[in-house]
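Encoded as structure tokens, the structure appears first; notes follow it.
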Amino acid sequence: MIEKARASGAPGYSYVPMTQPAGLTEMSAGLQTGVVADSYTFGDPSVWAVVEFSAEPTGTCEGIRSGGDAGRCVRQGAVETGRPGTGFENVTVYFTDSGGVRSVSSESPQIAVAGKFWATVEFVPIDEAGWFSDLLSRARSAPKI
């Protein structure tokens, strides 16, 4: 699905973490106005890390901190490898879950480890992330159901 979308020009997953997130179970790409919002699902119970890439900083973390938006902000800042003029100069990462914010606002070991990963991981262009290439290769060779 991601590969087909990228082949048709969709910008999702243009940048990904340099290393694979622990416990990764699902990925999905999405767009919001002026923002590419890629989602990574991990853990049990499931938690979603939403990664927003944008040309300018978003107001997502401010909304979370003020109580206006649900979730837990774990990162907001510049993409170190971002290329000017691409719309991938800034990154915001926040956690959310389907049952409200109870689990993502807790200090569980899962959330603490994931928070540290997402707060510090380097984002790289998709073709520089070996884990993503391996994932695509396995998906291509998997039996079609």
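How things are named: the first chain in the structure tokens is A, the next is B, and so on; residues count from 1 in each chain; ligands count from 1 in the order shown.
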
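The residue set within 7 Å of A:Val91, counting only C-alpha atoms and dropping same-chain residues fewer than 6 places from it, reads Val51, Glu52, Phe53, Ser54, Gln76, Gly77, Ala78 and Val79 of chain A.
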
Expected file: the selected residues, C-alpha atoms, as a compact mmCIF listing (two decimals), in the first residue's frame:
# COMPACT_ATOMS: atom_id res chain seq x y z
CA VAL A 51 4.84 11.84 12.79
CA GLU A 52 3.99 15.17 11.18
CA PHE A 53 6.37 16.65 8.62
CA SER A 54 5.85 20.23 7.53
CA GLN A 76 8.95 19.08 17.92
CA GLY A 77 11.81 20.60 15.94
CA ALA A 78 13.84 20.67 12.77
CA VAL A 79 14.59 17.61 10.64

Selection: 12 Å around A:Glu62, only C-alpha atoms, excl. self and same-chain fewer than 2 positions, as a VMD selection string: chain A and resid 57 to 60 64 to 76 92 94

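Going from atom CA of A:Met27 to atom CA of A:Ser39 covers 5.6 Å.
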
Within 12 Å of A:Ala114 using only C-alpha atoms, minus same-chain residues under 4 positions, as a PyMOL selection string: chain A and resi 20-24+40-43+46-49+72-75+93-95+104+107-110+118-121

Could you pull out the strand (DSSP E) residues of stretch 48-135 of chain A from DSSP and send them as an MDAnalysis selection string? chainID A and resid 48:54 72:78 90:96 123:125

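For the pair atom CA of A:Ser14 and atom CA of A:Gln32, the interatomic distance is 15.2 Å.
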
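Using only C-alpha atoms, the shortest contact distance between A:Asp44 and any of A:Asn90, A:Phe132, A:Thr81, A:Thr25 is found at A:Thr25.
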
May I have all residues of chain A that DSSP, computed from the backbone, assigns to alpha helix (DSSP H), given as a PyMOL selection string? chain A and resi 2-7+60-65+109-120+130-141
